[in-house]
Structure formats: structure tokens, C-alpha cells
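*Asks:* You'll find entry_16.pdb just under this line, and it carries PDB, C-alpha atoms.
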ATOM      1  CA  MET A   1     198.961  40.495 121.923  1.00  0.00           C
ATOM      2  CA  ASP A   2     198.148  40.977 125.576  1.00  0.00           C
ATOM      3  CA  GLY A   3     196.164  44.206 125.336  1.00  0.00           C
ATOM      4  CA  GLU A   4     199.149  46.359 124.449  1.00  0.00           C
ATOM      5  CA  ALA A   5     198.739  48.968 121.777  1.00  0.00           C
ATOM      6  CA  SER A   6     200.286  48.220 118.417  1.00  0.00           C
ATOM      7  CA  PRO A   7     203.441  50.172 117.767  1.00  0.00           C
ATOM      8  CA  VAL A   8     203.036  53.237 115.578  1.00  0.00           C
ATOM      9  CA  PRO A   9     204.569  52.615 112.146  1.00  0.00           C
ATOM     10  CA  THR A  10     207.805  54.504 111.601  1.00  0.00           C
ATOM     11  CA  GLY A  11     207.068  57.794 109.898  1.00  0.00           C
ATOM     12  CA  ALA A  12     203.341  57.682 110.709  1.00  0.00           C
ATOM     13  CA  LYS A  13     201.619  61.040 110.346  1.00  0.00           C
ATOM     14  CA  ARG A  14     198.610  62.631 111.917  1.00  0.00           C
ATOM     15  CA  VAL A  15     195.551  63.409 109.785  1.00  0.00           C
ATOM     16  CA  PRO A  16     196.080  67.195 109.903  1.00  0.00           C
ATOM     17  CA  ASP A  17     199.636  66.739 108.594  1.00  0.00           C
ATOM     18  CA  VAL A  18     198.359  64.604 105.712  1.00  0.00           C
ATOM     19  CA  VAL A  19     195.638  67.135 104.903  1.00  0.00           C
ATOM     20  CA  ALA A  20     198.148  70.018 105.043  1.00  0.00           C
ATOM     21  CA  GLU A  21     200.575  68.174 102.764  1.00  0.00           C
ATOM     22  CA  ASN A  22     197.755  67.482 100.306  1.00  0.00           C
ATOM     23  CA  LYS A  23     196.050  70.873 100.617  1.00  0.00           C
ATOM     24  CA  ASP A  24     196.401  71.752  96.918  1.00  0.00           C
ATOM     25  CA  TRP A  25     194.966  68.363  95.920  1.00  0.00           C
ATOM     26  CA  VAL A  26     192.068  68.775  98.373  1.00  0.00           C
ATOM     27  CA  VAL A  27     191.248  72.301  97.164  1.00  0.00           C
ATOM     28  CA  ASN A  28     191.576  71.442  93.469  1.00  0.00           C
ATOM     29  CA  THR A  29     189.565  68.218  93.787  1.00  0.00           C
ATOM     30  CA  TRP A  30     186.866  70.050  95.760  1.00  0.00           C
ATOM     31  CA  LEU A  31     186.831  72.829  93.162  1.00  0.00           C
ATOM     32  CA  ALA A  32     186.415  70.335  90.318  1.00  0.00           C
ATOM     33  CA  ARG A  33     183.560  68.574  92.127  1.00  0.00           C
ATOM     34  CA  THR A  34     181.742  71.822  92.851  1.00  0.00           C
ATOM     35  CA  LYS A  35     181.982  72.747  89.173  1.00  0.00           C
ATOM     36  CA  GLU A  36     180.753  69.277  88.147  1.00  0.00           C
ATOM     37  CA  ASN A  37     177.830  69.395  90.571  1.00  0.00           C
ATOM     38  CA  PRO A  38     174.686  70.425  88.649  1.00  0.00           C
ATOM     39  CA  GLU A  39     173.428  72.731  91.398  1.00  0.00           C
ATOM     40  CA  LEU A  40     176.730  74.400  92.343  1.00  0.00           C
ATOM     41  CA  GLY A  41     178.045  74.377  88.778  1.00  0.00           C
ATOM     42  CA  SER A  42     174.994  76.286  87.578  1.00  0.00           C
ATOM     43  CA  LEU A  43     176.455  79.458  89.107  1.00  0.00           C
ATOM     44  CA  LYS A  44     178.900  81.138  86.772  1.00  0.00           C
ATOM     45  CA  LEU A  45     181.812  81.945  89.097  1.00  0.00           C
ATOM     46  CA  SER A  46     185.537  82.116  88.494  1.00  0.00           C
ATOM     47  CA  ASP A  47     187.721  79.557  90.251  1.00  0.00           C
ATOM     48  CA  VAL A  48     188.939  82.269  92.629  1.00  0.00           C
ATOM     49  CA  GLU A  49     185.352  83.266  93.496  1.00  0.00           C
ATOM     50  CA  ARG A  50     184.332  79.633  93.930  1.00  0.00           C
ATOM     51  CA  LYS A  51     187.327  78.722  96.118  1.00  0.00           C
ATOM     52  CA  ASP A  52     186.843  81.841  98.234  1.00  0.00           C
ATOM     53  CA  HIS A  53     188.128  80.955 101.691  1.00  0.00           C
ATOM     54  CA  VAL A  54     188.465  77.163 101.357  1.00  0.00           C
ATOM     55  CA  PRO A  55     192.306  77.187 101.535  1.00  0.00           C
ATOM     56  CA  ASP A  56     192.161  79.285 104.718  1.00  0.00           C
ATOM     57  CA  LEU A  57     189.438  77.042 106.147  1.00  0.00           C
ATOM     58  CA  LEU A  58     191.677  74.020 105.610  1.00  0.00           C
ATOM     59  CA  ASP A  59     194.546  75.810 107.362  1.00  0.00           C
ATOM     60  CA  GLU A  60     192.272  76.546 110.292  1.00  0.00           C
ATOM     61  CA  ALA A  61     190.902  72.985 110.422  1.00  0.00           C
ATOM     62  CA  VAL A  62     194.464  71.627 110.439  1.00  0.00           C
ATOM     63  CA  ALA A  63     195.496  74.042 113.191  1.00  0.00           C
ATOM     64  CA  ARG A  64     192.491  73.156 115.342  1.00  0.00           C
ATOM     65  CA  ALA A  65     193.030  69.423 114.796  1.00  0.00           C
ATOM     66  CA  CYS A  66     196.591  69.931 116.052  1.00  0.00           C
ATOM     67  CA  GLU A  67     195.041  71.766 119.009  1.00  0.00           C
ATOM     68  CA  TYR A  68     196.794  75.009 118.178  1.00  0.00           C
ATOM     69  CA  GLN A  69     195.129  78.112 119.537  1.00  0.00           C
ATOM     70  CA  VAL A  70     192.894  79.592 116.835  1.00  0.00           C
ATOM     71  CA  GLU A  71     191.179  82.912 117.411  1.00  0.00           C
ATOM     72  CA  VAL A  72     187.446  82.189 117.343  1.00  0.00           C
ATOM     73  CA  GLU A  73     186.713  85.781 116.325  1.00  0.00           C
ATOM     74  CA  ASP A  74     188.979  85.470 113.255  1.00  0.00           C
ATOM     75  CA  ARG A  75     187.210  82.262 112.202  1.00  0.00           C
ATOM     76  CA  GLN A  76     183.810  83.820 112.752  1.00  0.00           C
ATOM     77  CA  ARG A  77     184.708  86.912 110.719  1.00  0.00           C
ATOM     78  CA  ALA A  78     185.963  84.721 107.857  1.00  0.00           C
ATOM     79  CA  ALA A  79     182.793  82.624 108.004  1.00  0.00           C
ATOM     80  CA  GLU A  80     180.632  85.744 108.061  1.00  0.00           C
ATOM     81  CA  ARG A  81     182.431  87.130 105.001  1.00  0.00           C
ATOM     82  CA  HIS A  82     181.948  83.771 103.290  1.00  0.00           C
ATOM     83  CA  GLY A  83     178.214  83.650 104.071  1.00  0.00           C
ATOM     84  CA  THR A  84     177.747  87.241 102.946  1.00  0.00           C
ATOM     85  CA  LEU A  85     179.694  86.623  99.740  1.00  0.00           C
ATOM     86  CA  ARG A  86     177.728  83.453  98.969  1.00  0.00           C
ATOM     87  CA  TYR A  87     174.467  85.353  99.479  1.00  0.00           C
ATOM     88  CA  HIS A  88     175.530  87.961  96.912  1.00  0.00           C
ATOM     89  CA  GLN A  89     176.710  85.182  94.560  1.00  0.00           C
ATOM     90  CA  ARG A  90     173.129  83.840  94.638  1.00  0.00           C
ATOM     91  CA  TYR A  91     173.888  80.673  96.580  1.00  0.00           C
ATOM     92  CA  SER A  92     171.107  79.083  98.584  1.00  0.00           C
ATOM     93  CA  ILE A  93     171.515  77.734 102.116  1.00  0.00           C
ATOM     94  CA  ALA A  94     171.309  74.245 100.590  1.00  0.00           C
ATOM     95  CA  MET A  95     174.243  75.145  98.343  1.00  0.00           C
ATOM     96  CA  LEU A  96     176.291  76.299 101.344  1.00  0.00           C
ATOM     97  CA  ILE A  97     175.632  72.925 102.978  1.00  0.00           C
ATOM     98  CA  LEU A  98     176.417  71.058  99.757  1.00  0.00           C
ATOM     99  CA  GLU A  99     179.804  72.719  99.291  1.00  0.00           C
ATOM    100  CA  ALA A 100     180.701  71.882 102.921  1.00  0.00           C
ATOM    101  CA  GLN A 101     179.630  68.256 102.366  1.00  0.00           C
ATOM    102  CA  LEU A 102     181.757  68.044  99.234  1.00  0.00           C
ATOM    103  CA  LEU A 103     184.741  69.397 101.160  1.00  0.00           C
ATOM    104  CA  GLN A 104     184.286  66.783 103.870  1.00  0.00           C
ATOM    105  CA  GLU A 105     184.001  64.040 101.236  1.00  0.00           C
ATOM    106  CA  VAL A 106     187.233  65.158  99.563  1.00  0.00           C
ATOM    107  CA  ILE A 107     189.027  65.313 102.922  1.00  0.00           C
ATOM    108  CA  ALA A 108     187.772  61.771 103.670  1.00  0.00           C
ATOM    109  CA  GLU A 109     189.097  60.636 100.291  1.00  0.00           C
ATOM    110  CA  CYS A 110     192.469  62.237 101.057  1.00  0.00           C
ATOM    111  CA  ILE A 111     192.578  60.362 104.375  1.00  0.00           C
ATOM    112  CA  ARG A 112     191.546  57.100 102.699  1.00  0.00           C
ATOM    113  CA  ASN A 113     194.247  57.550 100.034  1.00  0.00           C
ATOM    114  CA  ASN A 114     196.865  57.977 102.748  1.00  0.00           C
ATOM    115  CA  VAL A 115     195.567  55.686 105.480  1.00  0.00           C
ATOM    116  CA  ASN A 116     198.683  53.500 105.300  1.00  0.00           C
ATOM    117  CA  ILE A 117     200.834  56.371 106.634  1.00  0.00           C
ATOM    118  CA  ILE A 118     198.347  57.754 109.186  1.00  0.00           C
ATOM    119  CA  GLU A 119     198.807  57.336 112.924  1.00  0.00           C
ATOM    120  CA  ILE A 120     195.693  55.340 113.799  1.00  0.00           C
ATOM    121  CA  LYS A 121     195.420  56.293 117.493  1.00  0.00           C
ATOM    122  CA  SER A 122     194.864  59.978 116.694  1.00  0.00           C
ATOM    123  CA  MET A 123     192.895  59.473 113.480  1.00  0.00           C
ATOM    124  CA  ILE A 124     189.344  59.593 114.890  1.00  0.00           C
ATOM    125  CA  PRO A 125     189.878  62.644 117.160  1.00  0.00           C
ATOM    126  CA  ASP A 126     191.693  64.451 114.317  1.00  0.00           C
ATOM    127  CA  ILE A 127     188.870  63.748 111.860  1.00  0.00           C
ATOM    128  CA  ALA A 128     186.309  64.874 114.449  1.00  0.00           C
ATOM    129  CA  ARG A 129     188.141  68.170 115.025  1.00  0.00           C
ATOM    130  CA  ILE A 130     188.461  68.847 111.291  1.00  0.00           C
ATOM    131  CA  SER A 131     184.789  68.050 110.755  1.00  0.00           C
ATOM    132  CA  GLY A 132     183.831  70.175 113.752  1.00  0.00           C
ATOM    133  CA  THR A 133     185.721  73.149 112.333  1.00  0.00           C
ATOM    134  CA  ILE A 134     183.971  72.822 108.969  1.00  0.00           C
ATOM    135  CA  SER A 135     180.581  72.504 110.715  1.00  0.00           C
ATOM    136  CA  ALA A 136     181.230  75.563 112.898  1.00  0.00           C
ATOM    137  CA  GLU A 137     182.279  77.534 109.830  1.00  0.00           C
ATOM    138  CA  LEU A 138     179.139  76.424 107.997  1.00  0.00           C
ATOM    139  CA  LYS A 139     176.933  77.486 110.932  1.00  0.00           C
ATOM    140  CA  ASP A 140     178.525  80.942 111.062  1.00  0.00           C
ATOM    141  CA  ALA A 141     178.378  81.334 107.273  1.00  0.00           C
ATOM    142  CA  ALA A 142     174.699  80.331 107.233  1.00  0.00           C
ATOM    143  CA  THR A 143     173.947  82.809 110.017  1.00  0.00           C
ATOM    144  CA  ALA A 144     175.653  85.621 108.086  1.00  0.00           C
ATOM    145  CA  TYR A 145     173.811  84.547 104.935  1.00  0.00           C
ATOM    146  CA  MET A 146     170.468  84.733 106.738  1.00  0.00           C
ATOM    147  CA  ASN A 147     171.386  88.121 108.201  1.00  0.00           C
ATOM    148  CA  GLN A 148     171.928  89.389 104.642  1.00  0.00           C
ATOM    149  CA  TYR A 149     168.637  87.854 103.579  1.00  0.00           C
ATOM    150  CA  GLU A 150     166.767  89.481 106.476  1.00  0.00           C
ATOM    151  CA  TRP A 151     168.499  92.833 105.938  1.00  0.00           C
ATOM    152  CA  GLN A 152     167.518  92.784 102.258  1.00  0.00           C
ATOM    153  CA  ALA A 153     163.923  91.884 103.193  1.00  0.00           C
ATOM    154  CA  ILE A 154     163.740  94.798 105.651  1.00  0.00           C
ATOM    155  CA  ARG A 155     165.183  97.096 103.026  1.00  0.00           C
ATOM    156  CA  ARG A 156     162.600  95.942 100.449  1.00  0.00           C
ATOM    157  CA  ASP A 157     159.766  96.477 102.947  1.00  0.00           C
ATOM    158  CA  LYS A 158     160.890 100.040 103.629  1.00  0.00           C
ATOM    159  CA  LEU A 159     161.101 101.037  99.972  1.00  0.00           C
ATOM    160  CA  PRO A 160     158.110 102.971  98.644  1.00  0.00           C
ATOM    161  CA  HIS A 161     155.807 100.804  96.559  1.00  0.00           C
TER     162      HIS A 161
END
I'd like the structure from this file rewritten - as C-alpha cells, please.
*Replies:*
Amino acid sequence: MDGEASPVPTGAKRVPDVVAENKDWVVNTWLARTKENPELGSLKLSDVERKDHVPDLLDEAVARACEYQVEVEDRQRAAERHGTLRYHQRYSIAMLILEAQLLQEVIAECIRNNVNIIEIKSMIPDIARISGTISAELKDAATAYMNQYEWQAIRRDKLPH
């Protein structure tokens, strides 16, 4: 080849399309791994409580990877609700990070399982956008978690001893 790009295989798909098509697999695999994880599995939560906003987070990550306009305020509110919920479910900050890491690992596995149908030229930017969305969500969730923690500490300090 003389420096020309390889042709895109017929029917090649972008990473966000593959993730969207495999959303149920990603969510269910992530759910199983969180339940199997000694730290995360130690919390007695229903599947619905454990999954919380993960399906919506995947939808948002897919949309952002496709460069669709996503309302930042909507994402932040969802992340804040998630962080607040996880605080009340007795998660730790480390557990918030762990569940995000597990989600990224499962997404990577989904991509690896489908690499033969993925459009290579957009793969790295798509993965970066998906990862960036998950990281931004984690940051906002952790901030909301810490706000709950601080609010509870202030409340405890103001109670009569």
C-alpha cells in the first residue's frame, strides 16, 4: 500500500453502535460482576437498586460518542442522584470507582468480542468519548456523595450531645 487508508469493511459499525446493540449484555454482565465482587457484593441490594442508572449512562455514553448533543445539566443531575443514592446505600467512594471500572472493563470486553465488525478509524475516539462520559459521571457522582457526607457531618455536629 502507498499510504492509503485501508477500505472500511462492508457493514462495519462504530463502537457506540456495537455498545448500543449489546446494551443488555453489557448491563447484565456488569451486574453479575458487581454481585460477584467481594466488596460490591457485600451490599445486599436488589438488581434494580444495583443497576440504578447504568442503562441510562450507557445511552448517554453512546450518544456522546456519536457526538449527539447531550444536556450537561441532565447528566449532572443523574450523576448527582446516583452519588446520593450510593451514599444512602452505604457505598464508599472506592466502591463508586470500582463499579465504574467494572463497567469500563465490560464495555472493553464487548468491543473486543466485536472487533471484527468495528470501524477501526473511529474506534479510538469513540472509546475515548465513552470512557470520558463514564469518568465525568463518576466525578459528579463522587461530588454528590461527598456533599451528602458533609451534610450528614454538619447535621451530626449540630445535634445536641
*Asks:* For the PyMOL selection byres ((chain A and resi 143) around 12), applied here, can you spell out every residue it catches as a PyMOL selection string?
*Replies:* chain A and resi 76-77+79-84+86-87+93+96+136-142+144-150
*Asks:* Evaluated on this file, the PyMOL selection byres ((chain A and resi 28) around 12) picks out some residues - which ones are they, written as a count of residues only?
*Replies:* 24
*Asks:* Expressed in Å to a single decimal, how great is the separation between CA of Gly132 (chain A) and CA of Ile118 (chain A)?
*Replies:*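 CA of Gly132 (chain A) sits 19.6 Å away from CA of Ile118 (chain A).
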*Asks:* A:Ala108, A:Val115, A:Leu98, A:Ala78: which is nearest His53 (chain A), counting all atoms listed in the file?
*Replies:*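 Of A:Ala108, A:Val115, A:Leu98, A:Ala78, the one nearest His53 (chain A), counting all atoms listed in the file, is A:Ala78.
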*Asks:* Between CA of Val70 (chain A) and CA of Pro16 (chain A), what is the distance, to one decimal in Å?
*Replies:*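 Spanning CA of Val70 (chain A) to CA of Pro16 (chain A) is a straight-line distance of 14.6 Å.
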*Asks:* What would the selection look like, as a list in words, if the PyMOL selection byres ((chain A and resi 119) around 6) were run on the coordinates I just shared?
*Replies:*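 Applying the PyMOL selection byres ((chain A and resi 119) around 6) to the structure shown produces Ala12, Lys13, Arg14, Ile118, Ile120 and Lys121 of chain A.
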*Asks:* What does the structure give for the distance between CA of Leu58 (chain A) and CA of Arg129 (chain A), in Å to one decimal?
*Replies:*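 Between CA of Leu58 (chain A) and CA of Arg129 (chain A) the gap works out to 11.6 Å.
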*Asks:* Starting from the point (188.5, 69.7, 110.7), work out which residues of protein, DNA or RNA have an atom no more than 9 Å away when counting only C-alpha atoms; state them as a PyMOL selection string.
*Replies:* chain A and resi 16+57-58+60-65+104+107+126-135
*Asks:* Please dump the current selection as a short mmCIF file (atom, residue, chain, number, x, y, z; two decimals), in the frame of the given file; keep C-alpha atoms.
*Replies:*
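Contents of result00.cif, freshly written:
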data_model
loop_
_atom_site.label_atom_id
_atom_site.label_comp_id
_atom_site.auth_asym_id
_atom_site.auth_seq_id
_atom_site.Cartn_x
_atom_site.Cartn_y
_atom_site.Cartn_z
CA PRO A 16 196.08 67.19 109.90
CA LEU A 57 189.44 77.04 106.15
CA LEU A 58 191.68 74.02 105.61
CA GLU A 60 192.27 76.55 110.29
CA ALA A 61 190.90 72.98 110.42
CA VAL A 62 194.46 71.63 110.44
CA ALA A 63 195.50 74.04 113.19
CA ARG A 64 192.49 73.16 115.34
CA ALA A 65 193.03 69.42 114.80
CA GLN A 104 184.29 66.78 103.87
CA ILE A 107 189.03 65.31 102.92
CA ASP A 126 191.69 64.45 114.32
CA ILE A 127 188.87 63.75 111.86
CA ALA A 128 186.31 64.87 114.45
CA ARG A 129 188.14 68.17 115.02
CA ILE A 130 188.46 68.85 111.29
CA SER A 131 184.79 68.05 110.76
CA GLY A 132 183.83 70.18 113.75
CA THR A 133 185.72 73.15 112.33
CA ILE A 134 183.97 72.82 108.97
CA SER A 135 180.58 72.50 110.72
#
